[in-house]
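Coordinates as given in run14.pdb (PDB, C-alpha atoms, pLDDT in the B column):
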ATOM      1  CA  MET W  13       7.952 -16.212  27.110  1.00 38.00           C
ATOM      2  CA  ILE W  14       8.142 -16.785  23.355  1.00 44.00           C
ATOM      3  CA  LEU W  15       4.969 -16.300  21.396  1.00 42.00           C
ATOM      4  CA  GLU W  16       4.671 -18.301  18.215  1.00 45.00           C
ATOM      5  CA  GLN W  17       3.132 -16.439  15.304  1.00 46.00           C
ATOM      6  CA  THR W  18       1.022 -18.393  12.875  1.00 51.00           C
ATOM      7  CA  ARG W  19       1.415 -17.337   9.290  1.00 59.00           C
ATOM      8  CA  LYS W  20      -1.324 -17.593   6.764  1.00 63.00           C
ATOM      9  CA  PRO W  21      -0.331 -19.739   3.794  1.00 69.00           C
ATOM     10  CA  PHE W  22       0.887 -17.938   0.705  1.00 74.00           C
ATOM     11  CA  PHE W  23      -1.100 -18.873  -2.391  1.00 88.00           C
ATOM     12  CA  LEU W  24      -0.017 -18.215  -5.967  1.00 94.00           C
ATOM     13  CA  SER W  25      -3.698 -18.068  -6.907  1.00 94.00           C
ATOM     14  CA  HIS W  26      -3.966 -14.831  -4.909  1.00 94.00           C
ATOM     15  CA  ILE W  27      -0.990 -13.408  -6.802  1.00 96.00           C
ATOM     16  CA  LEU W  28      -2.772 -14.257 -10.059  1.00 97.00           C
ATOM     17  CA  ILE W  29      -5.857 -12.414  -8.803  1.00 96.00           C
ATOM     18  CA  LEU W  30      -3.757  -9.348  -8.003  1.00 96.00           C
ATOM     19  CA  ILE W  31      -2.200  -9.458 -11.476  1.00 97.00           C
ATOM     20  CA  ASN W  32      -5.665  -9.649 -13.047  1.00 97.00           C
ATOM     21  CA  VAL W  33      -6.814  -6.661 -10.986  1.00 97.00           C
ATOM     22  CA  ALA W  34      -3.682  -4.669 -11.882  1.00 98.00           C
ATOM     23  CA  VAL W  35      -4.131  -5.364 -15.612  1.00 97.00           C
ATOM     24  CA  PHE W  36      -7.806  -4.395 -15.365  1.00 97.00           C
ATOM     25  CA  LEU W  37      -6.918  -1.066 -13.722  1.00 97.00           C
ATOM     26  CA  ILE W  38      -4.277  -0.353 -16.368  1.00 97.00           C
ATOM     27  CA  MET W  39      -6.811  -0.997 -19.129  1.00 97.00           C
ATOM     28  CA  MET W  40      -9.319   1.239 -17.362  1.00 96.00           C
ATOM     29  CA  PHE W  41      -6.696   3.992 -17.208  1.00 96.00           C
ATOM     30  CA  PHE W  42      -6.259   3.900 -20.980  1.00 94.00           C
ATOM     31  CA  ASP W  43      -9.927   3.345 -21.843  1.00 95.00           C
ATOM     32  CA  SER W  44     -12.614   3.437 -19.153  1.00 93.00           C
ATOM     33  CA  SER W  45     -15.144   1.956 -21.589  1.00 93.00           C
ATOM     34  CA  LEU W  46     -12.976  -1.136 -22.173  1.00 93.00           C
ATOM     35  CA  SER W  47     -13.851  -1.157 -25.842  1.00 94.00           C
ATOM     36  CA  THR W  48     -13.259  -4.144 -28.099  1.00 93.00           C
ATOM     37  CA  LEU W  49     -10.271  -2.424 -29.703  1.00 94.00           C
ATOM     38  CA  THR W  50      -8.718  -1.868 -26.271  1.00 96.00           C
ATOM     39  CA  LEU W  51      -9.145  -5.528 -25.377  1.00 96.00           C
ATOM     40  CA  ILE W  52      -7.518  -6.491 -28.689  1.00 95.00           C
ATOM     41  CA  ARG W  53      -4.591  -4.139 -28.084  1.00 95.00           C
ATOM     42  CA  PHE W  54      -3.997  -5.686 -24.679  1.00 97.00           C
ATOM     43  CA  GLY W  55      -3.999  -9.235 -26.054  1.00 96.00           C
ATOM     44  CA  ALA W  56      -7.548 -10.567 -26.362  1.00 97.00           C
ATOM     45  CA  LYS W  57      -8.141 -13.827 -28.180  1.00 97.00           C
ATOM     46  CA  ILE W  58      -8.978 -12.838 -31.740  1.00 96.00           C
ATOM     47  CA  ASN W  59      -8.692 -15.576 -34.285  1.00 96.00           C
ATOM     48  CA  TYR W  60      -7.250 -13.780 -37.284  1.00 95.00           C
ATOM     49  CA  ARG W  61      -4.365 -12.443 -35.173  1.00 96.00           C
ATOM     50  CA  ILE W  62      -3.655 -15.926 -33.826  1.00 97.00           C
ATOM     51  CA  ALA W  63      -3.742 -17.216 -37.403  1.00 96.00           C
ATOM     52  CA  ASP W  64      -1.106 -14.559 -38.157  1.00 95.00           C
ATOM     53  CA  LEU W  65       1.029 -16.334 -35.509  1.00 95.00           C
ATOM     54  CA  GLU W  66       0.428 -13.921 -32.630  1.00 96.00           C
ATOM     55  CA  LEU W  67       0.478 -17.009 -30.447  1.00 96.00           C
ATOM     56  CA  TYR W  68       0.949 -15.004 -27.256  1.00 97.00           C
ATOM     57  CA  ARG W  69      -2.810 -14.444 -27.537  1.00 97.00           C
ATOM     58  CA  LEU W  70      -3.258 -18.003 -26.297  1.00 97.00           C
ATOM     59  CA  ILE W  71      -1.912 -16.777 -22.927  1.00 97.00           C
ATOM     60  CA  THR W  72      -2.705 -13.070 -22.531  1.00 97.00           C
ATOM     61  CA  PRO W  73      -6.526 -13.454 -22.480  1.00 97.00           C
ATOM     62  CA  MET W  74      -6.166 -15.210 -19.108  1.00 96.00           C
ATOM     63  CA  PHE W  75      -5.246 -11.847 -17.592  1.00 97.00           C
ATOM     64  CA  LEU W  76      -7.898  -9.714 -19.312  1.00 97.00           C
ATOM     65  CA  HIS W  77     -11.507  -9.112 -18.273  1.00 96.00           C
ATOM     66  CA  ALA W  78     -14.296  -7.297 -20.063  1.00 93.00           C
ATOM     67  CA  ASN W  79     -15.889  -5.581 -17.063  1.00 93.00           C
ATOM     68  CA  LEU W  80     -15.866  -5.390 -13.268  1.00 95.00           C
ATOM     69  CA  LEU W  81     -18.462  -8.145 -12.834  1.00 92.00           C
ATOM     70  CA  HIS W  82     -16.427 -10.460 -15.076  1.00 92.00           C
ATOM     71  CA  LEU W  83     -13.295  -9.734 -13.050  1.00 95.00           C
ATOM     72  CA  GLY W  84     -15.079 -10.173  -9.728  1.00 93.00           C
ATOM     73  CA  PHE W  85     -16.677 -13.494 -10.635  1.00 90.00           C
ATOM     74  CA  ASN W  86     -13.436 -14.977 -11.977  1.00 92.00           C
ATOM     75  CA  SER W  87     -11.448 -13.651  -9.006  1.00 94.00           C
ATOM     76  CA  TYR W  88     -13.822 -15.336  -6.568  1.00 90.00           C
ATOM     77  CA  ALA W  89     -13.747 -18.593  -8.555  1.00 89.00           C
ATOM     78  CA  LEU W  90      -9.933 -18.505  -8.678  1.00 93.00           C
ATOM     79  CA  HIS W  91      -9.801 -17.899  -4.927  1.00 91.00           C
ATOM     80  CA  LEU W  92     -12.273 -20.734  -4.321  1.00 86.00           C
ATOM     81  CA  PHE W  93     -10.660 -23.393  -6.516  1.00 88.00           C
ATOM     82  CA  GLY W  94      -7.091 -22.089  -6.494  1.00 91.00           C
ATOM     83  CA  ARG W  95      -6.391 -22.611  -2.787  1.00 89.00           C
ATOM     84  CA  ASP W  96      -7.435 -26.256  -2.649  1.00 87.00           C
ATOM     85  CA  THR W  97      -5.827 -27.128  -5.973  1.00 91.00           C
ATOM     86  CA  GLU W  98      -2.568 -25.485  -4.929  1.00 92.00           C
ATOM     87  CA  MET W  99      -2.543 -27.323  -1.594  1.00 90.00           C
ATOM     88  CA  PHE W 100      -3.101 -30.693  -3.249  1.00 89.00           C
ATOM     89  CA  PHE W 101      -0.616 -30.221  -6.107  1.00 93.00           C
ATOM     90  CA  GLY W 102       1.926 -27.697  -4.814  1.00 92.00           C
ATOM     91  CA  ARG W 103       2.850 -24.356  -6.350  1.00 93.00           C
ATOM     92  CA  VAL W 104       4.832 -25.485  -9.400  1.00 93.00           C
ATOM     93  CA  ARG W 105       2.308 -28.129 -10.400  1.00 95.00           C
ATOM     94  CA  PHE W 106      -0.522 -25.664  -9.793  1.00 96.00           C
ATOM     95  CA  LEU W 107       1.015 -23.163 -12.220  1.00 96.00           C
ATOM     96  CA  ILE W 108       1.551 -25.868 -14.837  1.00 96.00           C
ATOM     97  CA  ILE W 109      -2.088 -26.940 -14.539  1.00 97.00           C
ATOM     98  CA  TYR W 110      -3.371 -23.358 -14.621  1.00 97.00           C
ATOM     99  CA  PHE W 111      -1.454 -22.257 -17.704  1.00 97.00           C
ATOM    100  CA  ALA W 112      -1.863 -25.561 -19.553  1.00 97.00           C
ATOM    101  CA  ALA W 113      -5.624 -25.319 -19.026  1.00 97.00           C
ATOM    102  CA  GLY W 114      -5.720 -21.664 -20.062  1.00 97.00           C
ATOM    103  CA  ILE W 115      -3.799 -22.365 -23.273  1.00 97.00           C
ATOM    104  CA  THR W 116      -5.898 -25.447 -24.073  1.00 97.00           C
ATOM    105  CA  GLY W 117      -9.042 -23.404 -23.489  1.00 97.00           C
ATOM    106  CA  ALA W 118      -7.826 -20.666 -25.832  1.00 97.00           C
ATOM    107  CA  VAL W 119      -6.934 -23.233 -28.501  1.00 97.00           C
ATOM    108  CA  GLY W 120     -10.378 -24.810 -28.204  1.00 96.00           C
ATOM    109  CA  SER W 121     -11.974 -21.381 -28.518  1.00 96.00           C
ATOM    110  CA  PHE W 122      -9.829 -20.636 -31.559  1.00 96.00           C
ATOM    111  CA  LEU W 123     -11.003 -23.813 -33.265  1.00 95.00           C
ATOM    112  CA  PHE W 124     -14.718 -23.556 -32.526  1.00 93.00           C
ATOM    113  CA  ASN W 125     -15.550 -19.951 -31.647  1.00 92.00           C
ATOM    114  CA  ASP W 126     -14.737 -17.020 -33.908  1.00 92.00           C
ATOM    115  CA  ASN W 127     -15.764 -14.411 -31.329  1.00 92.00           C
ATOM    116  CA  ILE W 128     -13.268 -12.222 -29.499  1.00 94.00           C
ATOM    117  CA  SER W 129     -12.866 -13.468 -25.949  1.00 94.00           C
ATOM    118  CA  VAL W 130     -11.045 -12.646 -22.722  1.00 96.00           C
ATOM    119  CA  GLY W 131     -11.015 -14.002 -19.189  1.00 94.00           C
ATOM    120  CA  ALA W 132      -9.415 -16.512 -16.849  1.00 94.00           C
ATOM    121  CA  SER W 133     -12.396 -18.857 -16.919  1.00 92.00           C
ATOM    122  CA  GLY W 134     -10.736 -21.435 -19.211  1.00 94.00           C
ATOM    123  CA  ALA W 135      -7.855 -21.752 -16.744  1.00 96.00           C
ATOM    124  CA  ILE W 136     -10.291 -21.812 -13.797  1.00 94.00           C
ATOM    125  CA  PHE W 137     -12.251 -24.617 -15.433  1.00 94.00           C
ATOM    126  CA  GLY W 138      -8.874 -26.336 -15.697  1.00 96.00           C
ATOM    127  CA  LEU W 139      -8.706 -26.259 -11.894  1.00 94.00           C
ATOM    128  CA  ILE W 140     -12.096 -27.976 -11.873  1.00 92.00           C
ATOM    129  CA  GLY W 141     -10.578 -30.540 -14.250  1.00 94.00           C
ATOM    130  CA  ALA W 142      -7.715 -31.034 -11.791  1.00 94.00           C
ATOM    131  CA  ASN W 143     -10.271 -31.667  -9.038  1.00 91.00           C
ATOM    132  CA  LEU W 144     -11.976 -34.232 -11.253  1.00 91.00           C
ATOM    133  CA  TYR W 145      -8.599 -35.953 -11.587  1.00 92.00           C
ATOM    134  CA  LEU W 146      -8.302 -36.043  -7.782  1.00 89.00           C
ATOM    135  CA  PHE W 147     -11.796 -37.498  -7.663  1.00 89.00           C
ATOM    136  CA  THR W 148     -10.735 -40.383  -9.925  1.00 89.00           C
ATOM    137  CA  LEU W 149      -7.853 -41.225  -7.576  1.00 85.00           C
ATOM    138  CA  ASN W 150     -10.085 -41.837  -4.553  1.00 83.00           C
ATOM    139  CA  LYS W 151     -13.774 -41.089  -4.932  1.00 80.00           C
ATOM    140  CA  GLU W 152     -14.764 -41.803  -1.324  1.00 81.00           C
ATOM    141  CA  VAL W 153     -12.045 -39.628   0.236  1.00 77.00           C
ATOM    142  CA  TYR W 154     -12.775 -36.798  -2.185  1.00 76.00           C
ATOM    143  CA  ARG W 155     -16.495 -36.916  -1.371  1.00 77.00           C
ATOM    144  CA  ARG W 156     -15.777 -36.879   2.371  1.00 75.00           C
ATOM    145  CA  ILE W 157     -13.683 -33.732   1.975  1.00 70.00           C
ATOM    146  CA  PHE W 158     -15.607 -31.810  -0.684  1.00 71.00           C
ATOM    147  CA  GLY W 159     -18.934 -33.577  -1.075  1.00 69.00           C
ATOM    148  CA  ASN W 160     -20.595 -33.302  -4.489  1.00 70.00           C
ATOM    149  CA  ASP W 161     -20.527 -29.494  -4.712  1.00 70.00           C
ATOM    150  CA  ILE W 162     -18.054 -29.446  -7.584  1.00 73.00           C
ATOM    151  CA  PHE W 163     -20.340 -31.543  -9.782  1.00 74.00           C
ATOM    152  CA  MET W 164     -23.331 -29.314  -9.072  1.00 74.00           C
ATOM    153  CA  LEU W 165     -21.278 -26.193  -9.793  1.00 72.00           C
ATOM    154  CA  LEU W 166     -19.884 -27.720 -12.973  1.00 74.00           C
ATOM    155  CA  GLY W 167     -23.324 -28.725 -14.214  1.00 75.00           C
ATOM    156  CA  ILE W 168     -24.808 -25.295 -13.539  1.00 73.00           C
ATOM    157  CA  ASN W 169     -21.948 -23.510 -15.313  1.00 72.00           C
ATOM    158  CA  VAL W 170     -22.006 -25.781 -18.365  1.00 71.00           C
ATOM    159  CA  VAL W 171     -25.779 -25.495 -18.777  1.00 74.00           C
ATOM    160  CA  TYR W 172     -25.660 -21.722 -18.294  1.00 68.00           C
ATOM    161  CA  GLY W 173     -22.799 -21.528 -20.786  1.00 68.00           C
ATOM    162  CA  PHE W 174     -24.917 -23.195 -23.451  1.00 72.00           C
ATOM    163  CA  ILE W 175     -27.891 -20.933 -22.674  1.00 74.00           C
ATOM    164  CA  ASN W 176     -25.955 -17.656 -22.663  1.00 72.00           C
ATOM    165  CA  PRO W 177     -24.410 -16.943 -26.104  1.00 73.00           C
ATOM    166  CA  MET W 178     -22.006 -14.399 -24.543  1.00 76.00           C
ATOM    167  CA  ILE W 179     -20.166 -17.151 -22.662  1.00 80.00           C
ATOM    168  CA  ASP W 180     -17.371 -19.017 -24.413  1.00 87.00           C
ATOM    169  CA  ASN W 181     -18.395 -22.504 -23.339  1.00 89.00           C
ATOM    170  CA  THR W 182     -15.898 -24.070 -25.739  1.00 92.00           C
ATOM    171  CA  ALA W 183     -13.022 -22.440 -23.850  1.00 93.00           C
ATOM    172  CA  HIS W 184     -14.494 -23.672 -20.554  1.00 93.00           C
ATOM    173  CA  LEU W 185     -14.808 -27.296 -21.657  1.00 93.00           C
ATOM    174  CA  ALA W 186     -11.446 -27.336 -23.445  1.00 96.00           C
ATOM    175  CA  GLY W 187      -9.827 -25.742 -20.376  1.00 96.00           C
ATOM    176  CA  MET W 188     -11.359 -28.373 -18.113  1.00 95.00           C
ATOM    177  CA  PHE W 189     -10.048 -31.117 -20.403  1.00 96.00           C
ATOM    178  CA  GLY W 190      -6.598 -29.504 -20.441  1.00 97.00           C
ATOM    179  CA  GLY W 191      -6.608 -29.129 -16.664  1.00 96.00           C
ATOM    180  CA  PHE W 192      -7.523 -32.792 -16.191  1.00 96.00           C
ATOM    181  CA  LEU W 193      -4.718 -33.943 -18.506  1.00 96.00           C
ATOM    182  CA  ALA W 194      -2.224 -31.510 -16.961  1.00 97.00           C
ATOM    183  CA  ALA W 195      -3.077 -32.693 -13.438  1.00 95.00           C
ATOM    184  CA  TRP W 196      -2.722 -36.291 -14.561  1.00 94.00           C
ATOM    185  CA  SER W 197       0.604 -35.537 -16.216  1.00 94.00           C
ATOM    186  CA  VAL W 198       2.230 -33.786 -13.220  1.00 93.00           C
ATOM    187  CA  GLY W 199       0.707 -35.955 -10.501  1.00 88.00           C
ATOM    188  CA  TYR W 200      -0.387 -34.913  -7.034  1.00 83.00           C
ATOM    189  CA  ARG W 201       1.894 -33.155  -4.573  1.00 81.00           C
ATOM    190  CA  TYR W 202       3.354 -36.138  -2.725  1.00 77.00           C
ATOM    191  CA  GLN W 203       3.441 -38.603  -5.585  1.00 76.00           C
ATOM    192  CA  VAL W 204       6.720 -40.488  -5.202  1.00 68.00           C
ATOM    193  CA  SER W 205       7.326 -41.493  -8.815  1.00 77.00           C
ATOM    194  CA  TYR W 206       5.728 -41.072 -12.219  1.00 82.00           C
ATOM    195  CA  THR W 207       3.963 -43.946 -13.930  1.00 84.00           C
ATOM    196  CA  TRP W 208       3.407 -44.703 -17.595  1.00 83.00           C
ATOM    197  CA  LYS W 209      -0.055 -43.145 -17.238  1.00 85.00           C
ATOM    198  CA  ASN W 210       1.512 -39.797 -16.279  1.00 88.00           C
ATOM    199  CA  TRP W 211       3.734 -39.923 -19.359  1.00 91.00           C
ATOM    200  CA  ILE W 212       0.841 -40.866 -21.647  1.00 93.00           C
ATOM    201  CA  SER W 213      -1.192 -37.915 -20.394  1.00 93.00           C
ATOM    202  CA  ARG W 214       1.758 -35.579 -21.054  1.00 93.00           C
ATOM    203  CA  VAL W 215       2.070 -36.822 -24.611  1.00 95.00           C
ATOM    204  CA  LEU W 216      -1.698 -36.600 -25.125  1.00 95.00           C
ATOM    205  CA  LEU W 217      -1.809 -33.015 -23.829  1.00 96.00           C
ATOM    206  CA  ILE W 218       1.060 -31.906 -26.081  1.00 95.00           C
ATOM    207  CA  LEU W 219      -0.382 -33.703 -29.116  1.00 96.00           C
ATOM    208  CA  THR W 220      -3.835 -32.228 -28.491  1.00 95.00           C
ATOM    209  CA  VAL W 221      -2.593 -28.627 -28.417  1.00 96.00           C
ATOM    210  CA  SER W 222       0.014 -28.941 -31.171  1.00 96.00           C
ATOM    211  CA  GLY W 223      -2.270 -31.012 -33.402  1.00 96.00           C
ATOM    212  CA  ALA W 224      -5.149 -28.554 -32.984  1.00 96.00           C
ATOM    213  CA  LEU W 225      -2.904 -25.645 -33.950  1.00 96.00           C
ATOM    214  CA  ALA W 226      -1.320 -27.543 -36.841  1.00 96.00           C
ATOM    215  CA  TYR W 227      -4.798 -28.147 -38.248  1.00 95.00           C
ATOM    216  CA  GLY W 228      -6.508 -24.943 -37.146  1.00 96.00           C
ATOM    217  CA  LEU W 229      -3.997 -22.271 -38.180  1.00 96.00           C
ATOM    218  CA  PRO W 230      -3.830 -23.039 -41.931  1.00 95.00           C
ATOM    219  CA  ALA W 231      -7.552 -23.897 -42.029  1.00 94.00           C
ATOM    220  CA  TYR W 232      -8.514 -20.538 -40.551  1.00 94.00           C
ATOM    221  CA  ARG W 233      -6.103 -18.630 -42.808  1.00 93.00           C
ATOM    222  CA  ASN W 234      -8.003 -20.067 -45.781  1.00 93.00           C
ATOM    223  CA  SER W 235     -11.449 -19.213 -44.413  1.00 91.00           C
ATOM    224  CA  ALA W 236     -13.750 -16.318 -45.319  1.00 89.00           C
ATOM    225  CA  GLU W 237     -13.845 -15.259 -41.657  1.00 90.00           C
ATOM    226  CA  TYR W 238     -10.101 -14.638 -41.697  1.00 91.00           C
ATOM    227  CA  PHE W 239     -10.250 -12.171 -44.593  1.00 89.00           C
ATOM    228  CA  PHE W 240     -13.408 -10.492 -43.289  1.00 89.00           C
ATOM    229  CA  LYS W 241     -12.110  -9.988 -39.736  1.00 86.00           C
ATOM    230  CA  LYS W 242      -8.675  -8.924 -40.900  1.00 83.00           C
ATOM    231  CA  GLY W 243     -10.149  -6.357 -43.246  1.00 81.00           C
ATOM    232  CA  TYR W 244     -12.679  -5.102 -40.707  1.00 81.00           C
ATOM    233  CA  PHE W 245     -10.334  -4.650 -37.738  1.00 79.00           C
ATOM    234  CA  SER W 246      -7.436  -3.398 -39.851  1.00 73.00           C
ATOM    235  CA  SER W 247      -9.619  -0.519 -41.018  1.00 68.00           C
ATOM    236  CA  SER W 248     -10.947   0.250 -37.509  1.00 65.00           C
TER     237      SER W 248
END

Translate this structure into structure tokens?
Amino acid sequence: MILEQTRKPFFLSHILILINVAVFLIMMFFDSSLSTLTLIRFGAKINYRIADLELYRLITPMFLHANLLHLGFNSYALHLFGRDTEMFFGRVRFLIIYFAAGITGAVGSFLFNDNISVGASGAIFGLIGANLYLFTLNKEVYRRIFGNDIFMLLGINVVYGFINPMIDNTAHLAGMFGGFLAAWSVGYRYQVSYTWKNWISRVLLILTVSGALAYGLPAYRNSAEYFFKKGYFSSS
């Protein structure tokens, strides 16, 4: 008698969670207090360094977290939204959406928030944006599968983000916008061919990020904040 073994699906979102945990433990090994300087050394989003063309800081903050609660909340959110998004879009498209949203969120934060920030929440909000794209494709089917929970969760998080000054709401909203455009640009998993709308969304996403950086980098380099932050952290 042959027994068939059922395998649990392998999700890239779980690999991302493990990477986030590993990076957190490495940071804790070097500095258990997770000071601001430690976060900066590991790649936090800090505007004057981005203005100095350390553009990798548009990506590295996605893997950094300020404390255990921050890591736990984002890990749960990534597990919650990552599985469904990955099943609907496939692994390659999921990664494109995740990183495009994370970068767009970091760019939005660079433009409108001078605070140092870390966390995967911009990319996670991009997964919410991808779900909103799925909702636009077929509202009735989406509601039958997921109900209206995503809209309630989105509303609560946005309102709380505006109330709590410690939350980088700009990164969240920009990440959601980037995730929506990225999902639109790559299409869902079984989409047979790309349409002109997919190509327009690709161009719009690229122009949004590149245009924001083309404007924001020289503007910030000429600002008082740039010279103050550079002088302050250089002497720390």

Evaluated on this file, the PyMOL selection byres ((chain W and resi 201) around 10) picks out some residues - which ones are they, written as JSON, numbers by chain? {"W": [97, 98, 99, 100, 101, 102, 103, 104, 105, 106, 198, 199, 200, 202, 203, 204]}

Asn59 in chain W proximity check over W:Leu225, W:Leu24, W:Ile109, W:Ile212, using only C-alpha atoms: winner is W:Leu225

Return as a PyMOL selection string the set of residues that the PyMOL selection byres ((chain W and resi 120-134) around 6) yields on the displayed structure. chain W and resi 56-59+73-74+76-77+114+117-119+135-137+182-184+186-187

Could you give me, as a list in words, the residues that have an atom at most 12 Å away from the point (-11.8, -38.3, -13.5) in the coordinates of the file, using all atoms listed in the file?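 In the file's frame, the residues around the point are Ile140, Gly141, Ala142, Asn143, Leu144, Tyr145, Leu146, Phe147, Thr148, Leu149, Asn150, Lys151, Tyr154, Phe163, Met188, Phe189, Gly191, Phe192, Leu193, Ala195 and Trp196 of chain W.
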
Nearby residues (all atoms listed in the file) at most 12 Å from Ser47 in chain W, same-chain spacing under 4 positions excluded, as a list in words: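 The residues satisfying every condition are Met39, Met40, Phe42, Asp43, Leu51, Ile52, Arg53, Phe54, Ala56, His77, Ala78, Asn79 and Ile128 of chain W.
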